[in-house]
Amino acid sequence: MSDSLEVSPLDTEHQVLKARMVPFAGFRMPIHYPTGIQAEHRAVREGVGIFDVSHMGEFQIEGRDALALVRKVAVNDAGRLALGQAQYSALCAEDGTVIDDLLVYRLADDGFLLVVNASNRKEDLDWIRSHSRKMDVKIQDRSAATALVALQGPRAQEILAPLTTVDLDEVGYYRFASGRVMGVESLVARTGYTGEDGFEIYHPADRASDVWRGILEQGRREGVVPAGLGARDTLRLEVGYPLYGNDLGREYTALESGLGWIVKFDGERGDFVGREALAREKEEGPKRRLTGIRLEERGFPRSGYPLVVDGEEVGTVTSGTLSPTLEQGIAMGYLPTEMAAPGTRVHVRIRNRDVPAVVERPPFYKDGSIRR
Amino acid sequence: MSDIPSGLRYTEEHEYLKSTDEEGVFLVGVTDYAQGELGDVVFLELPAAGDSFEKGAVFGTIEAVKAVSDLYAPVSGEVVEVNSALDDDPALVNSDPYGEGWMLRVRISDPSEMEDLLDSEGYTNLIGED
C-alpha cells in the first residue's frame, strides 16, 4: 500500500479488528471487516453498525460575514438554518456543475461547520477561500484534528443514549447538540448516509479510540458491529443517495444530478456561485437526469456499464450493486430527460448481455428507520 | 493467512484443480486467497454440463459485492457437472472454497497440461503471503 496515504485516527483499531484496508480518497480506510459487506449491511438495517468516516473534511467558518460566505458558495440557503440545525447542500461552479456536496451545520449566528468529501477537501478549501476576499471571516480546516464516527441503524439511539450526556430525544432529524460521548466532548448529529435512524459523532481525533472502543465494547452485547465503506456504499445506494465521484461531479450540473431541491433561488439570500447558469437551466429543463434503475432479471450493475434503449447506448450507470436487502440489481445513472421518467424501460449492458430494467424514483428500499 | 492445501494444483489466476475418486475427473474452484480478496460472492455465471473449454479460456464470471472477475480454465476439458448448490448459496465459495464451494467437475482432455500448474508451494510463493 502506498506510503502517501493518510490514515484515520482509528487506523490501529481497524488493524486490531482485522479489517480489509483499501485506499479511498487518499486515505487508508476499512472496506469491510471479517464479517463481510453483506453481514455488515444487514446489521445496519436490522440493528446497528458503527462506521469510521474520519476521512471526511471539516471546515469551520466564523465571523461577521460567515453566513454571507456560506450563502455565496453553497446552493442551499444557510440563512434558513436555526442554531443546532444542519442542511444538505452543494458547492457549484459558475456553470452549475457540482464541485462537491456537503453538510452545513449552524454552530452559531455567525459560525458554521461544513463537512465535505475527503477527495475534494483541498479544492473546496481553496474555492471557498477564493470567494472570501474582503469578507470578515475566519476559515479553518479542522479535518486532521476531527474524528467522525457514524452510528447507524434502528437501534442506534437505544445504544448511544446510555453512553452520552446529550438528550437524544431532543435531537431531531438533521439537528445536532454538543455533549460528551464516552466522556469525550462531541457534536452529536442525527444525520447519516444509510436510510436508517442514527447519529454522526464529531470529536477530537486524539480521543477517537476512546469513543470507538467505548461504543463497540459497551454495545457489542447489544449487537453493534463495525461496518466498512463497502456496506456504507450498498446502504446509501438502496436509498438512492448520490456519491460524489460516481453520481456527482464536474461533468454534471446540480439540476441534472437531481439536486434541484437544495438549490434555493428565492428569499433574501442574494447571489450565489452558479446561480445564473442554474436559473437558466431550470427554465429550459435539464437535458439529462440522474435516475434510479432497478433490474428485472439477475445481474450486477456496476459503474460505467452502458444504459441501452432500442439497442442504442443512451446513458451510463454511475453506481450499482446487487441490493443485499432486495436481492435485486439496483443502479443510478444518467439518462436523457425524455427517458428518465419512472416506469421507462431500459436495458443495462452487462458484459454484452442486455438486462431488462426499469427507471424508478429512489429510494429503492423504503422501510428504513430514518426519522424525518 | 490463506489456506493452501497440498495435493491440489493451482493457476496464477487463483483457480484450483482437485482430484476426485474418478480417474481423469477433477473439481475446479477458486482458492481461499481469491475468495478473501473478492469478499462476499453474490453470484456466479458458470457453463453447463457438456460444455467444453480450452486451457486458459474464460469459463465463467464470479460476482462479488466489490468487483466482478473472470474465471479461467486451468486445463482443457469437458464439464461433467456444475455445482447447483451455488445457485442458492454462492457464499459457499467464501465459507468452504475447496469443499462445498467447488464450481465444476471437469473431465480433462490432456493430462500433460497438469504439469503447467503450480503446486501448493509454488502458489504460496505467487501470492506472497508469509
# chains A, B, ... in the order shown; residues from 1 in each chain; ligands from 1
$ residues_around --residues "range 103-106 of chain B" --least-positions-apart "2" --cutoff "9 Å" --atoms "only C-alpha atoms" --output "list in words"
Thr20, Gly24, Val25, Phe26, Leu27, Val28, Gly29, Val30, Leu46, Pro47, Ala49, Ser52, Ser76, Gly77, Glu78, Val79, Val80, Glu81, Val82, Asn83, Ser84, Leu86, Val93, Glu100, Gly101 and Ile108 of chain B
$ interface_residues --of "chain A" --to "chain B" --cutoff "7 Å" --atoms "only C-alpha atoms" --output "ChimeraX atom specification"
/A:36-38,321
$ select_by_dssp --residues "chain B" --states "strand (DSSP E or B)" --output "ChimeraX atom specification"
/B:9-10,15-19,25-30,41-45,52-53,58-64,68-72,77-82,104-108,118
$ write_last_selection --atoms "N, CA and C atoms" --output "short mmCIF file (atom, residue, chain, number, x, y, z; two decimals), in the first residue's frame"
data_model
loop_
_atom_site.label_atom_id
_atom_site.label_comp_id
_atom_site.auth_asym_id
_atom_site.auth_seq_id
_atom_site.Cartn_x
_atom_site.Cartn_y
_atom_site.Cartn_z
N ARG B 9 -3.64 -28.56 -7.34
CA ARG B 9 -2.89 -27.78 -8.33
C ARG B 9 -3.55 -26.41 -8.48
N TYR B 10 -2.73 -25.40 -8.78
CA TYR B 10 -3.22 -24.02 -8.78
C TYR B 10 -2.82 -23.29 -10.05
N GLU B 15 -7.41 -20.16 -9.63
CA GLU B 15 -8.29 -21.33 -9.63
C GLU B 15 -7.49 -22.52 -9.09
N TYR B 16 -8.23 -23.53 -8.62
CA TYR B 16 -7.55 -24.78 -8.23
C TYR B 16 -8.15 -25.96 -8.98
N LEU B 17 -7.38 -27.04 -8.99
CA LEU B 17 -7.80 -28.31 -9.57
C LEU B 17 -7.60 -29.35 -8.48
N LYS B 18 -8.65 -30.08 -8.17
CA LYS B 18 -8.59 -31.04 -7.05
C LYS B 18 -9.05 -32.40 -7.57
N SER B 19 -8.27 -33.43 -7.30
CA SER B 19 -8.61 -34.75 -7.83
C SER B 19 -9.86 -35.30 -7.14
N VAL B 25 -10.99 -37.06 -13.65
CA VAL B 25 -12.03 -36.07 -13.36
C VAL B 25 -11.61 -35.25 -12.14
N PHE B 26 -11.71 -33.92 -12.28
CA PHE B 26 -11.21 -33.01 -11.24
C PHE B 26 -12.28 -31.98 -10.88
N LEU B 27 -12.19 -31.48 -9.65
CA LEU B 27 -13.02 -30.34 -9.25
C LEU B 27 -12.26 -29.06 -9.53
N VAL B 28 -13.00 -28.05 -10.02
CA VAL B 28 -12.43 -26.72 -10.28
C VAL B 28 -13.15 -25.71 -9.39
N GLY B 29 -12.38 -24.85 -8.78
CA GLY B 29 -12.96 -23.77 -7.97
C GLY B 29 -11.94 -22.65 -7.86
N VAL B 30 -12.21 -21.70 -6.95
CA VAL B 30 -11.22 -20.65 -6.70
C VAL B 30 -10.65 -20.83 -5.30
N VAL B 41 -19.20 -13.27 -2.20
CA VAL B 41 -19.60 -13.67 -3.56
C VAL B 41 -21.13 -13.68 -3.61
N VAL B 42 -21.70 -13.00 -4.60
CA VAL B 42 -23.16 -12.92 -4.67
C VAL B 42 -23.78 -13.73 -5.80
N PHE B 43 -23.06 -13.94 -6.88
CA PHE B 43 -23.47 -14.99 -7.80
C PHE B 43 -22.40 -15.31 -8.82
N LEU B 44 -22.65 -16.42 -9.50
CA LEU B 44 -21.67 -16.92 -10.47
C LEU B 44 -22.37 -17.19 -11.78
N GLU B 45 -21.63 -16.98 -12.85
CA GLU B 45 -22.11 -17.45 -14.15
C GLU B 45 -21.16 -18.56 -14.56
N SER B 52 -17.47 -27.71 -23.20
CA SER B 52 -16.03 -27.95 -23.04
C SER B 52 -15.27 -26.66 -23.29
N PHE B 53 -14.06 -26.61 -22.78
CA PHE B 53 -13.25 -25.41 -22.95
C PHE B 53 -11.78 -25.78 -23.06
N VAL B 58 -11.83 -18.23 -20.72
CA VAL B 58 -12.75 -17.76 -19.68
C VAL B 58 -13.95 -18.70 -19.66
N PHE B 59 -14.17 -19.37 -18.54
CA PHE B 59 -15.31 -20.30 -18.48
C PHE B 59 -16.48 -19.74 -17.70
N GLY B 60 -16.29 -18.61 -17.05
CA GLY B 60 -17.40 -18.03 -16.30
C GLY B 60 -16.96 -16.75 -15.62
N THR B 61 -17.89 -16.20 -14.83
CA THR B 61 -17.57 -15.00 -14.06
C THR B 61 -18.04 -15.18 -12.63
N ILE B 62 -17.38 -14.48 -11.75
CA ILE B 62 -17.73 -14.51 -10.34
C ILE B 62 -18.01 -13.07 -9.91
N GLU B 63 -19.22 -12.85 -9.41
CA GLU B 63 -19.63 -11.51 -9.00
C GLU B 63 -19.54 -11.41 -7.48
N ALA B 64 -18.70 -10.53 -7.01
CA ALA B 64 -18.65 -10.21 -5.59
C ALA B 64 -19.18 -8.79 -5.41
N VAL B 68 -16.25 -7.74 -10.12
CA VAL B 68 -16.53 -8.95 -10.91
C VAL B 68 -15.21 -9.45 -11.48
N SER B 69 -15.03 -10.77 -11.53
CA SER B 69 -13.81 -11.34 -12.07
C SER B 69 -14.15 -12.47 -13.03
N ASP B 70 -13.31 -12.63 -14.04
CA ASP B 70 -13.44 -13.78 -14.93
C ASP B 70 -12.84 -15.00 -14.27
N LEU B 71 -13.35 -16.16 -14.68
CA LEU B 71 -12.80 -17.44 -14.22
C LEU B 71 -12.11 -18.09 -15.42
N TYR B 72 -10.89 -18.59 -15.20
CA TYR B 72 -10.10 -19.14 -16.30
C TYR B 72 -9.93 -20.65 -16.13
N GLY B 77 -10.86 -29.35 -21.09
CA GLY B 77 -11.69 -30.48 -20.67
C GLY B 77 -13.17 -30.24 -20.92
N GLU B 78 -13.95 -31.20 -20.42
CA GLU B 78 -15.41 -31.14 -20.58
C GLU B 78 -16.06 -31.09 -19.21
N VAL B 79 -17.08 -30.23 -19.09
CA VAL B 79 -17.79 -30.10 -17.82
C VAL B 79 -18.69 -31.32 -17.63
N VAL B 80 -18.48 -32.05 -16.53
CA VAL B 80 -19.29 -33.23 -16.22
C VAL B 80 -20.48 -32.83 -15.36
N GLU B 81 -20.23 -31.88 -14.44
CA GLU B 81 -21.28 -31.47 -13.51
C GLU B 81 -20.98 -30.05 -13.03
N VAL B 82 -22.06 -29.29 -12.81
CA VAL B 82 -21.92 -27.95 -12.24
C VAL B 82 -22.50 -27.99 -10.82
N LEU B 104 -17.06 -26.66 -10.67
CA LEU B 104 -17.27 -27.60 -11.79
C LEU B 104 -16.57 -28.92 -11.50
N ARG B 105 -17.17 -30.01 -12.01
CA ARG B 105 -16.45 -31.27 -12.16
C ARG B 105 -16.08 -31.36 -13.63
N VAL B 106 -14.79 -31.55 -13.90
CA VAL B 106 -14.30 -31.47 -15.28
C VAL B 106 -13.52 -32.75 -15.63
N ARG B 107 -13.84 -33.33 -16.80
CA ARG B 107 -13.03 -34.44 -17.32
C ARG B 107 -11.95 -33.82 -18.20
N ILE B 108 -10.71 -33.97 -17.78
CA ILE B 108 -9.65 -33.26 -18.50
C ILE B 108 -9.28 -34.03 -19.77
N LEU B 118 0.69 -24.82 -10.81
CA LEU B 118 1.54 -24.66 -9.62
C LEU B 118 1.15 -25.69 -8.56
#
$ atom_distance --atom1 "CA of Gly179 in chain A" --atom2 "CA of Ser8 in chain A"
22.7 Å
$ select_by_dssp --residues "range 189-355 of chain A" --states "alpha helix (DSSP H)" --output "compact mmCIF listing (two decimals) with N, CA and C atoms, in the first residue's frame"
# COMPACT_ATOMS: atom_id res chain seq x y z
N ALA A 208 -10.20 9.66 19.57
CA ALA A 208 -11.04 8.83 18.70
C ALA A 208 -11.16 7.40 19.21
N SER A 209 -10.05 6.84 19.70
CA SER A 209 -10.09 5.45 20.15
C SER A 209 -11.02 5.27 21.34
N ASP A 210 -11.08 6.28 22.22
CA ASP A 210 -11.96 6.17 23.40
C ASP A 210 -13.42 6.05 22.98
N VAL A 211 -13.79 6.86 21.98
CA VAL A 211 -15.18 6.85 21.53
C VAL A 211 -15.49 5.54 20.80
N TRP A 212 -14.62 5.19 19.86
CA TRP A 212 -14.83 3.98 19.04
C TRP A 212 -14.88 2.72 19.91
N ARG A 213 -13.85 2.56 20.75
CA ARG A 213 -13.77 1.36 21.60
C ARG A 213 -14.91 1.32 22.59
N GLY A 214 -15.19 2.49 23.15
CA GLY A 214 -16.25 2.54 24.16
C GLY A 214 -17.57 2.10 23.58
N ILE A 215 -17.93 2.63 22.41
CA ILE A 215 -19.21 2.26 21.82
C ILE A 215 -19.20 0.77 21.45
N LEU A 216 -18.10 0.30 20.89
CA LEU A 216 -18.04 -1.11 20.49
C LEU A 216 -18.09 -2.04 21.69
N GLU A 217 -17.33 -1.68 22.74
CA GLU A 217 -17.30 -2.57 23.90
C GLU A 217 -18.63 -2.55 24.65
N GLN A 218 -19.17 -1.34 24.85
CA GLN A 218 -20.45 -1.25 25.54
C GLN A 218 -21.58 -1.84 24.69
N GLY A 219 -21.42 -1.69 23.39
CA GLY A 219 -22.53 -2.06 22.51
C GLY A 219 -22.44 -3.47 21.94
N ARG A 220 -21.31 -4.13 22.11
CA ARG A 220 -21.15 -5.42 21.43
C ARG A 220 -22.20 -6.43 21.86
N LEU A 229 -16.64 0.77 4.49
CA LEU A 229 -17.11 1.62 3.39
C LEU A 229 -17.89 0.81 2.35
N GLY A 230 -17.65 -0.50 2.28
CA GLY A 230 -18.40 -1.35 1.34
C GLY A 230 -19.88 -1.35 1.69
N ALA A 231 -20.19 -1.58 2.96
CA ALA A 231 -21.59 -1.58 3.40
C ALA A 231 -22.17 -0.16 3.31
N ARG A 232 -21.36 0.83 3.62
CA ARG A 232 -21.83 2.22 3.51
C ARG A 232 -22.31 2.49 2.08
N ASP A 233 -21.58 1.93 1.10
CA ASP A 233 -21.95 2.14 -0.30
C ASP A 233 -23.24 1.40 -0.66
N THR A 234 -23.38 0.14 -0.25
CA THR A 234 -24.61 -0.59 -0.61
C THR A 234 -25.81 -0.01 0.12
N LEU A 235 -25.60 0.46 1.36
CA LEU A 235 -26.70 1.06 2.12
C LEU A 235 -27.18 2.35 1.47
N ARG A 236 -26.24 3.21 1.08
CA ARG A 236 -26.64 4.50 0.51
C ARG A 236 -27.30 4.30 -0.86
N LEU A 237 -26.85 3.27 -1.58
CA LEU A 237 -27.44 3.02 -2.90
C LEU A 237 -28.88 2.54 -2.78
N GLU A 238 -29.17 1.73 -1.76
CA GLU A 238 -30.54 1.24 -1.59
C GLU A 238 -31.51 2.38 -1.33
N ARG A 275 -25.58 30.61 -9.81
CA ARG A 275 -26.99 30.98 -9.86
C ARG A 275 -27.51 31.21 -11.29
N GLU A 276 -26.74 31.98 -12.04
CA GLU A 276 -27.22 32.35 -13.38
C GLU A 276 -27.41 31.11 -14.25
N ALA A 277 -26.39 30.25 -14.25
CA ALA A 277 -26.46 29.05 -15.08
C ALA A 277 -27.59 28.12 -14.63
N LEU A 278 -27.74 27.97 -13.32
CA LEU A 278 -28.76 27.06 -12.81
C LEU A 278 -30.17 27.62 -13.05
N ALA A 279 -30.32 28.96 -12.92
CA ALA A 279 -31.63 29.57 -13.17
C ALA A 279 -32.03 29.37 -14.64
N ARG A 280 -31.06 29.54 -15.53
CA ARG A 280 -31.33 29.35 -16.96
C ARG A 280 -31.71 27.89 -17.23
N GLU A 281 -30.94 26.98 -16.62
CA GLU A 281 -31.21 25.56 -16.84
C GLU A 281 -32.56 25.15 -16.27
N LYS A 282 -32.92 25.77 -15.15
CA LYS A 282 -34.22 25.44 -14.55
C LYS A 282 -35.35 25.84 -15.49
N GLU A 283 -35.15 26.99 -16.11
CA GLU A 283 -36.12 27.49 -17.09
C GLU A 283 -36.28 26.53 -18.27
N GLU A 284 -35.13 26.12 -18.79
CA GLU A 284 -35.14 25.29 -20.01
C GLU A 284 -35.36 23.81 -19.70
$ residues_around --residues "Arg71 in chain A" --least-positions-apart "3" --cutoff "10 Å" --atoms "only C-alpha atoms" --output "ChimeraX atom specification"
/A:65-68,74-79,264,269-273
$ atom_distance --atom1 "CA of Gly304 in chain A" --atom2 "CA of Val317 in chain A"
5.3 Å
$ closest_residue --among "A:Val309, A:Leu83, A:Val314, A:Ala227" --to "Pro34 in chain A" --atoms "only C-alpha atoms"
A:Ala227
$ closest_residue --among "B:Ser95, B:Asp21, B:Tyr33, B:Val75" --to "Ile4 in chain B" --atoms "only C-alpha atoms"
B:Tyr33
$ closest_residue --among "B:Asn125, B:Ser2, B:Asn94, B:Thr11" --to "Glu113 in chain B" --atoms "only C-alpha atoms"
B:Thr11
$ closest_residue --among "A:Arg302, A:Arg361, A:Lys134, A:Arg190" --to "Tyr174 in chain A" --atoms "only C-alpha atoms"
A:Arg190
$ closest_residue --among "A:His55, A:Arg106, A:Arg45, A:His14" --to "Phe27 in chain A" --atoms "only C-alpha atoms"
A:His55
